[in-house]
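These notes are about the structure you will find just below.
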Protein chains: 2
Amino acid sequence: MTFLERSHLEIIRAVELHGTMTAAANALHLTQSALSHSMRKLEDQIGVQLWSREGRSLRLTPAGTYLLATANRLIPQFVHAEERLGQFARGERGTLRIGMECHPCYQWLQKITTPYLCAWPLVDFEVKQEFQFGGIGALFAHEIDLLVTPDPLQKNALHFEPVFDYEQVLVVSSDHPLRDKDHVIPRQLGEEVLFTYPVPRDRLDIYTHFLSPASRTVRKQKVVESTDMMLQMVACGRGVAALPRWLVEEFAEKYTVRAVQLGTNGVHKQIFLGVRRADLEVDYLKAFIELARNYHEHPSIESDH
Amino acid sequence: MTFLERSHLEIIRAVELHGTMTAAANALHLTQSALSHSMRKLEDQIGVQLWSREGRSLRLTPAGTYLLATANRLIPQFVHAEERLGQFARGERGTLRIGMECHPCYQWLQKITTPYLCAWPLVDFEVKQEFQFGGIGALFAHEIDLLVTPDPLQKNALHFEPVFDYEQVLVVSSDHPLRDKDHVIPRQLGEEVLFTYPVPRDRLDIYTHFLSPASRTVRKQKVVESTDMMLQMVACGRGVAALPRWLVEEFAEKYTVRAVQLGTNGVHKQIFLGVRRADLEVDYLKAFIELARNYHEHPSIESDH
DNA sequence: ATGGAATAATGAACTAAATTCATGAATAGC
DNA sequence: GCTATTCATGAATTTAGTTCATTATTCCAT
């Protein structure tokens, strides 16, 4: 009943990677014959060809294509599991895979990273930003170990920890009419060009917390990839943007822009750290959350250098 | 370097599920000794205990807990992959990639699609219309599996099946001078505006089978993207077009247009389904050709509702 | 306490499976 | 055509996994 082995997945990947069975066999330190026997047996068992043999070359059938996709998904997880087991063995135990679900989070993360890496030199650090099934899905699927997000979710198996409060503000150029206003109201953006990161509107605070509740919109929305680019455009009067206040202050020397409060009360946000509850015991993970929680209490001190 | 096998994952799951190694061994149709040896070897290789042996019972270590979580995540994916490969084997699942070489073919295809998708719910369906090296080239290059074309080609490795006969007619508005003619001759289009799909003239039947043989042309040719747009323009007297008769009848309720025979004998065409001969064995492909062949025999019945 | 039942560990014998070796057939490129 | 390369195949061989038989431990009932 169970035919499929890790070795089959390794082989189909290697054949795809190296082009021929012979080359794949060398790469795997096996003979071409071994691969041929092994895969032929699998084909017999599942009852479908993985490759169509055309002349002396192999072409993946739909079934083969599917199996290759499966292999590309599963093998890295085997490799990662072995790595982590090795880390358990050496008592280091740690690849910290962090997922980011918001652009400003990334700027914040960079401030935490340096002190953490110093304190935990043996912990490998990976940051991912794209998730097929969202950040929460990535946590569950063990693609990541820690999720940085503004949207916590009440789940039994997950724990969310608030680590950073910030205010989302409007960024305008230093000669913009709104520059010295105490605050701005949605109507005042009606004729503006708004620069945003390339994400859906329902993930942009300026829409969900400011424009949309007032049923207002801007003249035009333009997406830019990077914060630098965004501030550059704003600085030279091409439009406005919405960013965390601390981020604007950070870039104050580089770009001459002003921050204006959004609405009469301001838009106040929190960043959360999500983690699988089972991992709350893991030392190097616990330490990261601890560091993050303590760090946000003195952001002004750190940024005053 | 690669220790971890599917069997290890199966074992650690079974031990957790059944409580003891002995029970797990029975469930897996192996002996207790086999499991003990197998897991012991893995522990030696990775250098860390998976269970702490407390008396005669096993308690998972942190490393073991991690491996169990990995197993619970990966094993179901193996099982699912095997199920899907089984579906491929039984011809239930595949990807049917269809290439279209003519615009009216597309309308025809849509009529086949619905019954086919119902009959083969697990077959993925893709339709492509642009080919770098033509439809035949796309078939050879395995870009597509099925080519819908009016131009069959005698090739050893390919099989072409006629699936649909139709008559290409001139479409005019309901107050056009030609509306009640028995047929139209090339000269009578000399002052007309002709709407066509955006393809080269040598792929347009009205040129290859009607105008060009008589060395005639129209006053002006205008291209439009869609059949709807084409009929709309014709209906309001902006020009004429050439379409399959059944297509015109299908749109008769929506647009008040008339069909007039092209020339004394009419322009009669066939649509062919091209397939690689090697694929004639594939169930879900065979079924599509079968369905297409049977469907065209009663087009009038279907369109009379 | 103590014997019996159940557990996992261990080493040797055995079995099955995977791998290699040697070879053949097909084919792409020169 | 010829050569080099590719994948397939069958038999021989090696490796790995499994069982068998046994031991040590421990849990539990008496």
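By convention in this document, the chains of the structure tokens carry letters A, B, ... by their order, each chain's residues are numbered from 1, and ligands are numbered from 1 in the order they are shown.
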Mind dumping a table of every chain C residue within 12 Å of stretch 10-20 of chain B, with the nearest atom pair and its distance in Å to one decimal, using only C-alpha atoms (C1' of nucleotides), sorted by chain and rising number, as JSON lines?
```
{"residue": "C:DA6", "atom": "C1'", "partner": "B:Thr20", "partner_atom": "CA", "distance": 10.6}
{"residue": "C:DT7", "atom": "C1'", "partner": "B:Thr20", "partner_atom": "CA", "distance": 8.2}
{"residue": "C:DA8", "atom": "C1'", "partner": "B:Thr20", "partner_atom": "CA", "distance": 9.4}
```
Taking only C-alpha atoms into account, what are the residues of chain A at most 9 Å from chain B, put as a PyMOL selection string? chain A and resi 1-7+46-49+62-64+66-67+70+74+77-79+81-82+84-86+88-90+141-142
Using only C-alpha atoms, please write the residues we just selected to a file, as a short mmCIF file (atom, residue, chain, number, x, y, z; two decimals), in the first residue's frame.
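File result_6.cif, as written:
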```cif
data_model
loop_
_atom_site.label_atom_id
_atom_site.label_comp_id
_atom_site.auth_asym_id
_atom_site.auth_seq_id
_atom_site.Cartn_x
_atom_site.Cartn_y
_atom_site.Cartn_z
CA MET A 1 0.00 0.00 0.00
CA THR A 2 2.86 2.43 0.59
CA PHE A 3 5.14 2.62 -2.41
CA LEU A 4 6.38 6.14 -2.35
CA GLU A 5 9.70 6.62 -0.59
CA ARG A 6 11.90 9.59 -0.02
CA SER A 7 14.38 8.09 -2.48
CA ILE A 46 1.38 2.98 -9.03
CA GLY A 47 0.46 1.83 -12.51
CA VAL A 48 1.37 4.97 -14.40
CA GLN A 49 4.40 6.20 -16.29
CA PRO A 62 1.40 14.75 -16.09
CA ALA A 63 1.77 12.22 -13.29
CA GLY A 64 5.53 12.78 -13.29
CA TYR A 66 2.81 16.17 -10.26
CA LEU A 67 5.27 13.94 -8.45
CA THR A 70 5.42 17.03 -4.61
CA LEU A 74 8.62 17.57 0.56
CA GLN A 77 11.22 19.59 4.63
CA PHE A 78 13.19 16.39 5.08
CA VAL A 79 16.42 18.33 4.79
CA ALA A 81 14.08 18.23 9.69
CA GLU A 82 17.50 16.59 9.55
CA ARG A 84 17.05 20.61 13.14
CA LEU A 85 17.57 17.16 14.57
CA GLY A 86 21.28 17.77 14.21
CA PHE A 88 19.04 19.15 18.86
CA ALA A 89 21.98 16.78 18.98
CA ARG A 90 24.50 19.59 19.36
CA ALA A 141 2.79 24.26 8.03
CA HIS A 142 6.09 24.79 9.86
#
```
Do me a favour and pick out the residues of chain A within 10 Å of chain C, using only C-alpha atoms (C1' of nucleotides), as a PDB file with N, CA and C atoms, in the first residue's frame.
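Result written to iface-v1.pdb:
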```
ATOM      1  N   LEU A  30      25.007   6.983  -7.174  1.00  0.00           N
ATOM      2  CA  LEU A  30      24.423   5.673  -7.482  1.00  0.00           C
ATOM      3  C   LEU A  30      24.693   5.397  -8.959  1.00  0.00           C
ATOM      4  N   THR A  31      24.309   4.212  -9.412  1.00  0.00           N
ATOM      5  CA  THR A  31      24.463   3.919 -10.830  1.00  0.00           C
ATOM      6  C   THR A  31      23.168   4.248 -11.557  1.00  0.00           C
ATOM      7  N   GLN A  32      23.306   4.459 -12.858  1.00  0.00           N
ATOM      8  CA  GLN A  32      22.124   4.720 -13.677  1.00  0.00           C
ATOM      9  C   GLN A  32      21.148   3.561 -13.552  1.00  0.00           C
ATOM     10  N   SER A  33      21.705   2.367 -13.469  1.00  0.00           N
ATOM     11  CA  SER A  33      20.863   1.177 -13.376  1.00  0.00           C
ATOM     12  C   SER A  33      19.989   1.210 -12.124  1.00  0.00           C
ATOM     13  N   ALA A  34      20.573   1.669 -11.039  1.00  0.00           N
ATOM     14  CA  ALA A  34      19.829   1.710  -9.780  1.00  0.00           C
ATOM     15  C   ALA A  34      18.604   2.607  -9.919  1.00  0.00           C
ATOM     16  N   LEU A  35      18.817   3.791 -10.491  1.00  0.00           N
ATOM     17  CA  LEU A  35      17.703   4.717 -10.673  1.00  0.00           C
ATOM     18  C   LEU A  35      16.646   4.102 -11.583  1.00  0.00           C
ATOM     19  N   HIS A  37      15.967   0.944 -12.251  1.00  0.00           N
ATOM     20  CA  HIS A  37      15.226  -0.106 -11.554  1.00  0.00           C
ATOM     21  C   HIS A  37      14.242   0.490 -10.560  1.00  0.00           C
ATOM     22  N   SER A  38      14.751   1.408  -9.783  1.00  0.00           N
ATOM     23  CA  SER A  38      13.963   1.956  -8.686  1.00  0.00           C
ATOM     24  C   SER A  38      12.698   2.650  -9.194  1.00  0.00           C
ATOM     25  N   GLU A  54      11.062   9.011 -24.905  1.00  0.00           N
ATOM     26  CA  GLU A  54      11.079   9.386 -26.312  1.00  0.00           C
ATOM     27  C   GLU A  54      12.520   9.325 -26.776  1.00  0.00           C
ATOM     28  N   GLY A  55      12.802   8.293 -27.591  1.00  0.00           N
ATOM     29  CA  GLY A  55      14.177   8.089 -27.972  1.00  0.00           C
ATOM     30  C   GLY A  55      14.977   7.821 -26.718  1.00  0.00           C
ATOM     31  N   ARG A  56      16.077   8.504 -26.572  1.00  0.00           N
ATOM     32  CA  ARG A  56      16.881   8.248 -25.371  1.00  0.00           C
ATOM     33  C   ARG A  56      16.679   9.344 -24.335  1.00  0.00           C
ATOM     34  N   SER A  57      15.631  10.142 -24.509  1.00  0.00           N
ATOM     35  CA  SER A  57      15.402  11.199 -23.533  1.00  0.00           C
ATOM     36  C   SER A  57      14.083  10.970 -22.802  1.00  0.00           C
TER      37      SER A  57
END
```
If chain A is superposed onto chain B by least squares using every Cα atom in order, what is the RMSD, in Å to one decimal?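 With all C-alpha atoms paired in order, the RMSD is 11.9 Å.
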What does the distance between atom CA of B:Gln129 and atom CA of B:Thr208 come to in Å, to one decimal place?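 That distance, rounded to one decimal, is 21.5 Å.
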Apply DSSP to the backbone of this structure and, from stretch 19-181 of chain B, keep only the residues in helix (DSSP H, G or I); write these as a ChimeraX atom specification. /B:21-27,32-46,62-89,103-119,134-140
Near B:Tyr255, within 7 Å and counting only C-alpha atoms (C1' of nucleotides), which residues show up once chain neighbours fewer than 4 positions away are dropped, as a PyMOL selection string? chain B and resi 231-232+235+251
Taking 2 positions as the minimum chain separation for residues in the same chain, which residues sit within 9 Å of A:Arg97 when counting only C-alpha atoms (C1' of nucleotides)? Answer as a PyMOL selection string. chain A and resi 95+99+124-128+143-147
Please measure the separation of atom CA of B:Met229 and atom CA of B:Phe272, giving the value in Å to one decimal.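 Atom CA of B:Met229 sits 26.2 Å away from atom CA of B:Phe272.
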Contacts between chain B and chain D, please, where a residue of chain D counts if it comes within 7 Å (with only C-alpha atoms (C1' of nucleotides)); show its shortest atom pair and distance in Å to one decimal, rows by chain and ascending number, as CSV.
```
residue,atom,partner,partner_atom,distance
D:DT18,C1',B:Ala34,CA,5.9
D:DT25,C1',B:Gly55,CA,6.9
D:DT26,C1',B:Gly55,CA,5.9
```
Tell me, which residues of stretch 165-293 of chain A carry DSSP strand (DSSP E), written as a PyMOL selection string? chain A and resi 165-173+183-184+193-196+220-223+240-244+257-262+267-276
Within 10 Å of A:Leu211, counting only C-alpha atoms (C1' of nucleotides), which residues show up once you throw out same-chain ones fewer than 2 positions away? Write them as a VMD selection string, please. chain A and resid 185 to 187 189 to 190 205 to 209 213 to 218 262 to 263
Please measure the separation of atom CA of A:Thr149 and atom CA of A:Lys220, giving the value in Å to one decimal. 26.9 Å
Counting only C-alpha atoms (C1' of nucleotides), what is within 9 Å of stretch 107-112 of chain A, bar same-chain residues fewer than 3 positions away, as a PDB file with C-alpha atoms, in the first residue's frame?
```pdb
ATOM      1  CA  MET A 100       6.745  39.082   7.708  1.00  0.00           C
ATOM      2  CA  HIS A 103       6.158  46.196   5.202  1.00  0.00           C
ATOM      3  CA  PRO A 104       6.796  48.467   8.185  1.00  0.00           C
ATOM      4  CA  PRO A 115      21.139  42.548  19.248  1.00  0.00           C
ATOM      5  CA  TYR A 116      19.527  39.123  18.844  1.00  0.00           C
ATOM      6  CA  LEU A 117      22.158  37.762  16.496  1.00  0.00           C
ATOM      7  CA  VAL A 148       5.459  39.315  12.526  1.00  0.00           C
ATOM      8  CA  PHE A 164       5.382  47.213  19.418  1.00  0.00           C
ATOM      9  CA  LEU A 247       9.954  55.206  10.497  1.00  0.00           C
ATOM     10  CA  PHE A 288      13.546  36.494  20.653  1.00  0.00           C
ATOM     11  CA  LEU A 291      13.955  40.766  23.383  1.00  0.00           C
ATOM     12  CA  ALA A 292      11.256  42.119  21.114  1.00  0.00           C
ATOM     13  CA  TYR A 295      12.952  46.595  23.036  1.00  0.00           C
TER      14      TYR A 295
END
```
